[in-house]
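Peer 1: Next up, input-v5.pdb (PDB, C-alpha atoms).
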ATOM      1  CA  MET A   7      15.960  -4.744   5.516
ATOM      2  CA  THR A   8      19.539  -5.956   5.038
ATOM      3  CA  GLN A   9      21.993  -3.026   4.846
ATOM      4  CA  ALA A  10      19.307  -0.468   5.670
ATOM      5  CA  GLY A  11      20.135   2.889   4.128
ATOM      6  CA  ALA A  12      22.936   1.507   1.910
ATOM      7  CA  ALA A  13      22.758   2.725  -1.691
ATOM      8  CA  PRO A  14      21.583  -0.124  -3.936
ATOM      9  CA  GLY A  15      22.668  -0.794  -7.493
ATOM     10  CA  ALA A  16      20.966  -2.545 -10.405
ATOM     11  CA  GLY A  17      21.040  -6.323 -10.035
ATOM     12  CA  GLU A  18      21.508  -6.280  -6.260
ATOM     13  CA  ILE A  19      19.312  -8.349  -3.968
ATOM     14  CA  LEU A  20      17.709  -6.668  -0.936
ATOM     15  CA  ARG A  21      16.438  -8.786   1.973
ATOM     16  CA  TYR A  22      13.410  -7.465   3.834
ATOM     17  CA  THR A  23      12.380  -8.678   7.285
ATOM     18  CA  VAL A  24       8.911  -8.216   8.780
ATOM     19  CA  THR A  25       8.442  -9.038  12.472
ATOM     20  CA  LEU A  26       4.903  -9.529  13.765
ATOM     21  CA  THR A  27       4.375  -9.578  17.547
ATOM     22  CA  ALA A  28       1.266 -10.733  19.402
ATOM     23  CA  ALA A  29       0.970  -8.865  22.686
ATOM     24  CA  SER A  30       0.173 -10.634  25.933
ATOM     25  CA  GLY A  31      -1.939  -9.761  28.939
ATOM     26  CA  ALA A  32      -5.560  -9.307  29.952
ATOM     27  CA  ASN A  33      -8.001  -9.064  27.026
ATOM     28  CA  ILE A  34      -5.302 -10.119  24.549
ATOM     29  CA  SER A  35      -5.347 -13.236  22.375
ATOM     30  CA  SER A  36      -3.267 -14.941  19.745
ATOM     31  CA  ALA A  37      -3.285 -13.656  16.151
ATOM     32  CA  PHE A  38      -4.388 -16.144  13.494
ATOM     33  CA  ASP A  39      -4.156 -16.479   9.727
ATOM     34  CA  GLY A  40      -1.665 -13.625   9.353
ATOM     35  CA  GLY A  41      -0.998 -12.245   5.907
ATOM     36  CA  LEU A  42       0.960  -9.464   4.231
ATOM     37  CA  VAL A  43       0.402  -7.085   1.345
ATOM     38  CA  ASP A  44       3.718  -5.579   0.295
ATOM     39  CA  THR A  45       3.901  -2.648  -2.118
ATOM     40  CA  LEU A  46       7.215  -2.231  -3.938
ATOM     41  CA  SER A  47       8.126   0.861  -5.942
ATOM     42  CA  LEU A  48       9.110   0.752  -9.588
ATOM     43  CA  GLY A  49      12.592  -0.746  -9.920
ATOM     44  CA  LEU A  50      12.011  -3.565  -7.412
ATOM     45  CA  ALA A  51      10.720  -7.101  -8.036
ATOM     46  CA  TYR A  52      10.181 -10.123  -5.789
ATOM     47  CA  HIS A  53      12.938 -12.748  -6.007
ATOM     48  CA  ALA A  54      11.096 -16.071  -6.353
ATOM     49  CA  GLY A  55      11.524 -18.788  -3.752
ATOM     50  CA  THR A  56      13.000 -16.590  -1.008
ATOM     51  CA  ALA A  57      10.067 -16.132   1.409
ATOM     52  CA  THR A  58      10.510 -17.780   4.817
ATOM     53  CA  VAL A  59       8.599 -17.670   8.100
ATOM     54  CA  ASN A  60       9.445 -19.064  11.520
ATOM     55  CA  GLY A  61       7.085 -20.503  14.147
ATOM     56  CA  THR A  62       5.636 -23.954  14.610
ATOM     57  CA  GLY A  63       3.152 -24.838  11.869
ATOM     58  CA  ASN A  64       3.563 -21.555   9.995
ATOM     59  CA  THR A  65       3.948 -21.733   6.211
ATOM     60  CA  ILE A  66       4.685 -19.271   3.408
ATOM     61  CA  THR A  67       5.229 -19.710  -0.338
ATOM     62  CA  ASN A  68       5.741 -17.360  -3.264
ATOM     63  CA  PRO A  69       3.198 -14.526  -3.066
ATOM     64  CA  THR A  70       0.501 -13.627  -5.524
ATOM     65  CA  ILE A  71       2.224 -10.944  -7.623
ATOM     66  CA  ASN A  72       0.581  -8.059  -9.474
ATOM     67  CA  GLY A  73       2.807  -5.823 -11.635
ATOM     68  CA  ASP A  74       6.212  -6.350 -13.212
ATOM     69  CA  GLY A  75       8.308  -3.793 -11.292
ATOM     70  CA  ILE A  76       9.348  -2.104 -14.558
ATOM     71  CA  THR A  77       6.196  -0.442 -15.930
ATOM     72  CA  THR A  78       3.884  -1.213 -13.006
ATOM     73  CA  PRO A  79       4.906  -1.385  -9.324
ATOM     74  CA  GLN A  80       4.680  -4.865  -7.835
ATOM     75  CA  THR A  81       2.189  -5.736  -5.122
ATOM     76  CA  LEU A  82       2.956  -8.967  -3.276
ATOM     77  CA  THR A  83       0.154 -10.718  -1.381
ATOM     78  CA  TRP A  84       0.607 -13.535   1.103
ATOM     79  CA  ASP A  85      -2.620 -14.763   2.728
ATOM     80  CA  LEU A  86      -4.635 -17.809   3.742
ATOM     81  CA  ALA A  87      -7.291 -17.209   1.068
ATOM     82  CA  SER A  88      -4.746 -17.660  -1.754
ATOM     83  CA  SER A  89      -2.889 -20.471   0.090
ATOM     84  CA  THR A  90       0.342 -18.446   0.015
ATOM     85  CA  ALA A  91       0.613 -18.089   3.811
ATOM     86  CA  ASN A  92      -0.766 -19.612   6.979
ATOM     87  CA  ILE A  93       0.723 -17.715   9.905
ATOM     88  CA  ASP A  94      -0.407 -17.940  13.520
ATOM     89  CA  ILE A  95       1.228 -15.927  16.322
ATOM     90  CA  PRO A  96       0.589 -17.230  19.836
ATOM     91  CA  GLU A  97      -0.056 -14.588  22.495
ATOM     92  CA  GLY A  98       3.214 -13.085  23.772
ATOM     93  CA  THR A  99       5.379 -14.311  20.870
ATOM     94  CA  LYS A 100       6.657 -12.975  17.573
ATOM     95  CA  VAL A 101       7.047 -14.341  14.070
ATOM     96  CA  THR A 102       9.642 -13.230  11.524
ATOM     97  CA  ILE A 103       9.019 -13.250   7.778
ATOM     98  CA  THR A 104      11.882 -12.629   5.350
ATOM     99  CA  TYR A 105      11.956 -12.307   1.581
ATOM    100  CA  ASP A 106      14.239 -10.920  -1.094
ATOM    101  CA  VAL A 107      13.613  -8.404  -3.851
ATOM    102  CA  LYS A 108      15.859  -7.586  -6.786
ATOM    103  CA  VAL A 109      16.841  -4.084  -7.875
ATOM    104  CA  LEU A 110      15.942  -4.151 -11.569
ATOM    105  CA  ASP A 111      18.240  -2.966 -14.357
ATOM    106  CA  PRO A 112      16.032  -0.051 -15.461
ATOM    107  CA  VAL A 113      16.681   1.876 -12.204
ATOM    108  CA  VAL A 114      18.254   5.262 -12.779
ATOM    109  CA  ALA A 115      20.658   7.337 -10.736
ATOM    110  CA  GLY A 116      18.826   9.290  -8.054
ATOM    111  CA  GLN A 117      15.718   7.054  -8.171
ATOM    112  CA  VAL A 118      14.154   6.492  -4.741
ATOM    113  CA  LEU A 119      13.127   2.894  -4.008
ATOM    114  CA  THR A 120      10.387   2.308  -1.443
ATOM    115  CA  ASN A 121       8.703  -0.652   0.211
ATOM    116  CA  GLY A 122       5.607  -0.544   2.415
ATOM    117  CA  VAL A 123       3.795  -3.459   4.023
ATOM    118  CA  THR A 124       0.354  -4.005   5.510
ATOM    119  CA  ALA A 125      -0.181  -6.952   7.860
ATOM    120  CA  ARG A 126      -3.630  -8.380   8.624
ATOM    121  CA  TRP A 127      -4.703 -11.165  10.946
ATOM    122  CA  THR A 128      -7.894 -12.701  12.255
ATOM    123  CA  SER A 129      -9.423 -13.435  15.650
ATOM    124  CA  PHE A 130     -10.118 -17.149  14.997
ATOM    125  CA  ASN A 131      -7.967 -19.876  13.484
ATOM    126  CA  GLY A 132      -9.214 -20.817   9.996
ATOM    127  CA  MET A 133     -11.936 -19.202   7.933
ATOM    128  CA  ASP A 134     -14.931 -18.012   9.990
ATOM    129  CA  SER A 135     -17.502 -15.463   8.831
ATOM    130  CA  ASN A 136     -17.846 -14.101  12.407
ATOM    131  CA  GLU A 137     -14.190 -13.256  12.997
ATOM    132  CA  ARG A 138     -12.417  -9.920  12.955
ATOM    133  CA  THR A 139     -10.222  -9.594   9.868
ATOM    134  CA  GLY A 140      -8.904  -6.036   9.800
ATOM    135  CA  ALA A 141     -11.445  -5.069   7.143
ATOM    136  CA  ASP A 142     -12.239  -1.743   8.893
ATOM    137  CA  GLY A 143      -8.616  -0.629   8.719
ATOM    138  CA  ILE A 144      -6.539   1.040  11.395
ATOM    139  CA  GLY A 145      -8.695   2.674  14.073
ATOM    140  CA  GLY A 146     -11.890   0.813  13.187
ATOM    141  CA  LEU A 147     -13.693  -1.679  15.418
ATOM    142  CA  ASN A 148     -12.461  -4.502  13.168
ATOM    143  CA  ASP A 149      -8.876  -3.244  13.288
ATOM    144  CA  TYR A 150      -6.724  -6.366  13.015
ATOM    145  CA  VAL A 151      -4.326  -4.553  10.684
ATOM    146  CA  THR A 152      -1.081  -2.588  10.882
ATOM    147  CA  THR A 153       1.293  -0.937   8.421
ATOM    148  CA  ALA A 154       5.019  -0.248   8.234
ATOM    149  CA  ALA A 155       7.534   1.022   5.704
ATOM    150  CA  ALA A 156      11.211   0.314   5.193
ATOM    151  CA  PRO A 157      13.540   3.314   4.955
ATOM    152  CA  PRO A 158      13.660   4.620   1.370
ATOM    153  CA  LEU A 159      16.792   3.878  -0.639
ATOM    154  CA  THR A 160      18.266   6.118  -3.324
ATOM    155  CA  VAL A 161      20.115   4.682  -6.310
ATOM    156  CA  PRO A 162      23.516   6.386  -6.260
ATOM    157  CA  VAL A 163      24.550   8.946  -8.846
ATOM    158  CA  PRO A 164      27.791   7.706 -10.429
ATOM    159  CA  THR A 165      30.964   9.646  -9.726
ATOM    160  CA  LEU A 166      32.686   9.620 -13.094
ATOM    161  CA  THR A 167      36.270  10.686 -13.682
ATOM    162  CA  LEU A 168      37.484  11.563 -17.152
ATOM    163  CA  GLN A 169      41.044  11.609 -18.417
ATOM    164  CA  LYS A 170      42.229  12.552 -21.911
ATOM    165  CA  THR A 171      45.744  11.758 -23.135
ATOM    166  CA  VAL A 172      47.590  12.126 -26.442
ATOM    167  CA  ASP A 173      50.293   9.809 -27.789
ATOM    168  CA  LYS A 174      52.748  12.634 -28.653
ATOM    169  CA  PRO A 175      53.618  15.462 -26.259
ATOM    170  CA  VAL A 176      54.843  17.608 -29.186
ATOM    171  CA  ALA A 177      53.367  17.555 -32.681
ATOM    172  CA  ASN A 178      54.321  19.087 -36.004
ATOM    173  CA  PRO A 179      51.855  20.210 -38.662
ATOM    174  CA  GLY A 180      50.574  17.140 -40.524
ATOM    175  CA  ASP A 181      51.376  14.666 -37.688
ATOM    176  CA  ARG A 182      48.698  12.193 -36.721
ATOM    177  CA  LEU A 183      47.728  12.270 -33.060
ATOM    178  CA  ARG A 184      46.014   9.504 -31.163
ATOM    179  CA  TYR A 185      43.829  10.637 -28.277
ATOM    180  CA  THR A 186      42.662   8.299 -25.528
ATOM    181  CA  ILE A 187      39.722   9.146 -23.343
ATOM    182  CA  THR A 188      39.369   7.091 -20.152
ATOM    183  CA  ILE A 189      36.127   7.152 -18.158
ATOM    184  CA  GLN A 190      36.088   5.568 -14.697
ATOM    185  CA  ASN A 191      33.215   4.885 -12.354
ATOM    186  CA  PRO A 192      35.001   4.045  -9.091
TER     187      PRO A 192
END
Please rewrite the model in this file as structure tokens.

Peer 2:
Amino acid sequence: MTQAGAAPGAGEILRYTVTLTAASGANISSAFDGGLVDTLSLGLAYHAGTATVNGTGNTITNPTINGDGITTPQTLTWDLASSTANIDIPEGTKVTITYDVKVLDPVVAGQVLTNGVTARWTSFNGMDSNERTGADGIGGLNDYVTTAAAPPLTVPVPTLTLQKTVDKPVANPGDRLRYTITIQNP
């Protein structure tokens, strides 16, 4: 994530980066048809048109989005089945996926913003009913899946300063006084 750990404010754009690496060596193969499921907390929403992926032949578009980020957390899905991603990672290489999310206006001071991602891939290129897909989850025989989470971010609590002034330093009974209250959020 860009500026990891920095306190975000409403309206700001956060850039997330996911790096997928295919190991190399004996009994290792390339990863095919990679996809992501990203779970954003309330207060975050995908910024359309920002997803990119590197690597020859790899493609990514806007994800399938469930939720609005305001009343329901957003889940972003990029995968071959929905034609939102086609990502292959040759053995011994890595692929980087980046995308932006917006901090929505309804965030409140002290709110913690989170982002977790699950990556899945397959053992064969293209759809094949005999391939491993990660359907068993982490630790299963069909375990072509991994998860990660970005560091949580906390919306800062404003540091307000107040100042009150009066237009006359000395007043007599019956005088009108004008008070000015100044509030600053540095």

Peer 1: To verify the selection step, state as a PyMOL selection string which residues the PyMOL selection byres ((chain A and resi 77) around 12) yields on this input.

Peer 2: chain A and resi 47-51+72-76+78-80+110+112-113

Peer 1: Name every residue that the PyMOL selection byres ((chain A and resi 45) around 6) selects in this structure, writing the answer as a list in words with chains first and numbers rising.

Peer 2: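 Evaluating the PyMOL selection byres ((chain A and resi 45) around 6) on these coordinates yields Asp44, Leu46, Thr81, Asn121 and Gly122 of chain A.
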
Peer 1: Identify which of the residues A:Thr25, A:Thr160, A:Asn68, A:Gln190 lies closest to Ile103 (chain A), counting all atoms listed in the file when measuring atom-to-atom distances.

Peer 2: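 Closest to Ile103 (chain A) of all the choices is A:Thr25.
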
Peer 1: Specify as a list of chain:residue names each residue included when the PyMOL selection byres ((chain A and resi 15) around 12) is applied to this file.

Peer 2: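 For this structure, the PyMOL selection byres ((chain A and resi 15) around 12) resolves to A:Ala12, A:Ala13, A:Pro14, A:Ala16, A:Gly17, A:Glu18, A:Ile19, A:Leu20, A:Gly49, A:Leu50, A:Lys108, A:Val109, A:Leu110, A:Asp111, A:Pro112, A:Val113, A:Val114, A:Ala115, A:Gly116, A:Gln117, A:Val118, A:Leu119, A:Leu159, A:Thr160, A:Val161, A:Pro162, A:Val163, A:Pro164.
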
Peer 1: Would you give me, as JSON lines, each residue of region 66-185 of chain A having an atom within 8 Å of an atom of region 35-40 of chain A, along with its shortest atom pair and that distance in Å to one decimal, using only C-alpha atoms and sorting by chain and residue number?

Peer 2:
{"residue": "A:Asp85", "atom": "CA", "partner": "A:Gly40", "partner_atom": "CA", "distance": 6.8}
{"residue": "A:Leu86", "atom": "CA", "partner": "A:Asp39", "partner_atom": "CA", "distance": 6.1}
{"residue": "A:Ala91", "atom": "CA", "partner": "A:Gly40", "partner_atom": "CA", "distance": 7.5}
{"residue": "A:Asn92", "atom": "CA", "partner": "A:Asp39", "partner_atom": "CA", "distance": 5.4}
{"residue": "A:Ile93", "atom": "CA", "partner": "A:Gly40", "partner_atom": "CA", "distance": 4.8}
{"residue": "A:Asp94", "atom": "CA", "partner": "A:Phe38", "partner_atom": "CA", "distance": 4.4}
{"residue": "A:Ile95", "atom": "CA", "partner": "A:Ala37", "partner_atom": "CA", "distance": 5.1}
{"residue": "A:Pro96", "atom": "CA", "partner": "A:Ser36", "partner_atom": "CA", "distance": 4.5}
{"residue": "A:Glu97", "atom": "CA", "partner": "A:Ser36", "partner_atom": "CA", "distance": 4.2}
{"residue": "A:Gly98", "atom": "CA", "partner": "A:Ser36", "partner_atom": "CA", "distance": 7.9}
{"residue": "A:Ala125", "atom": "CA", "partner": "A:Gly40", "partner_atom": "CA", "distance": 7.0}
{"residue": "A:Arg126", "atom": "CA", "partner": "A:Gly40", "partner_atom": "CA", "distance": 5.6}
{"residue": "A:Trp127", "atom": "CA", "partner": "A:Gly40", "partner_atom": "CA", "distance": 4.2}
{"residue": "A:Thr128", "atom": "CA", "partner": "A:Phe38", "partner_atom": "CA", "distance": 5.1}
{"residue": "A:Ser129", "atom": "CA", "partner": "A:Phe38", "partner_atom": "CA", "distance": 6.1}
{"residue": "A:Phe130", "atom": "CA", "partner": "A:Phe38", "partner_atom": "CA", "distance": 6.0}
{"residue": "A:Asn131", "atom": "CA", "partner": "A:Phe38", "partner_atom": "CA", "distance": 5.2}
{"residue": "A:Gly132", "atom": "CA", "partner": "A:Asp39", "partner_atom": "CA", "distance": 6.7}

Peer 1: Using only the atoms of region 125-143 of chain A listed in the file, plus 4 Å on each side, state the axis-aligned box centre and edge lengths in Å rounded to one decimal, as JSON.

Peer 2:
{"center_x": -9.0, "center_y": -10.7, "center_z": 11.4, "size_x": 25.7, "size_y": 28.2, "size_z": 16.5}

Peer 1: With only C-alpha atoms counted, which protein, DNA or RNA residues have an atom no more than 12 Å from (49.2, 10.5, -20.0) in the file frame? Please answer as a PDB file with C-alpha atoms, in the coordinates of the input.

Peer 2:
ATOM      1  CA  GLN A 169      41.044  11.609 -18.417  1.00  0.00           C
ATOM      2  CA  LYS A 170      42.229  12.552 -21.911  1.00  0.00           C
ATOM      3  CA  THR A 171      45.744  11.758 -23.135  1.00  0.00           C
ATOM      4  CA  VAL A 172      47.590  12.126 -26.442  1.00  0.00           C
ATOM      5  CA  ASP A 173      50.293   9.809 -27.789  1.00  0.00           C
ATOM      6  CA  LYS A 174      52.748  12.634 -28.653  1.00  0.00           C
ATOM      7  CA  PRO A 175      53.618  15.462 -26.259  1.00  0.00           C
ATOM      8  CA  ARG A 184      46.014   9.504 -31.163  1.00  0.00           C
ATOM      9  CA  TYR A 185      43.829  10.637 -28.277  1.00  0.00           C
ATOM     10  CA  THR A 186      42.662   8.299 -25.528  1.00  0.00           C
ATOM     11  CA  ILE A 187      39.722   9.146 -23.343  1.00  0.00           C
ATOM     12  CA  THR A 188      39.369   7.091 -20.152  1.00  0.00           C
TER      13      THR A 188
END

Peer 1: Could you tell me, as a short mmCIF file (atom, residue, chain, number, x, y, z; two decimals) with C-alpha atoms, in the frame of the given file, which residues have any atom at most 12 Å from (9.1, -22.0, 16.8), counting only C-alpha atoms?

Peer 2:
data_model
loop_
_atom_site.label_atom_id
_atom_site.label_comp_id
_atom_site.auth_asym_id
_atom_site.auth_seq_id
_atom_site.Cartn_x
_atom_site.Cartn_y
_atom_site.Cartn_z
CA VAL A 59 8.60 -17.67 8.10
CA ASN A 60 9.44 -19.06 11.52
CA GLY A 61 7.08 -20.50 14.15
CA THR A 62 5.64 -23.95 14.61
CA GLY A 63 3.15 -24.84 11.87
CA ASN A 64 3.56 -21.56 9.99
CA THR A 65 3.95 -21.73 6.21
CA ILE A 93 0.72 -17.72 9.90
CA ASP A 94 -0.41 -17.94 13.52
CA ILE A 95 1.23 -15.93 16.32
CA PRO A 96 0.59 -17.23 19.84
CA THR A 99 5.38 -14.31 20.87
CA LYS A 100 6.66 -12.98 17.57
CA VAL A 101 7.05 -14.34 14.07
CA THR A 102 9.64 -13.23 11.52
#

Peer 1: In Å to one decimal, how far is CA of Ala54 (chain A) from CA of Ala28 (chain A)?

Peer 2: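 We find that CA of Ala28 (chain A) and CA of Ala54 (chain A) lie 28.1 Å from each other.
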
Peer 1: Hey, can you check how far CA of Thr67 (chain A) sits from CA of Tyr105 (chain A)?

Peer 2: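 Separating CA of Thr67 (chain A) from CA of Tyr105 (chain A) is a distance of 10.2 Å.
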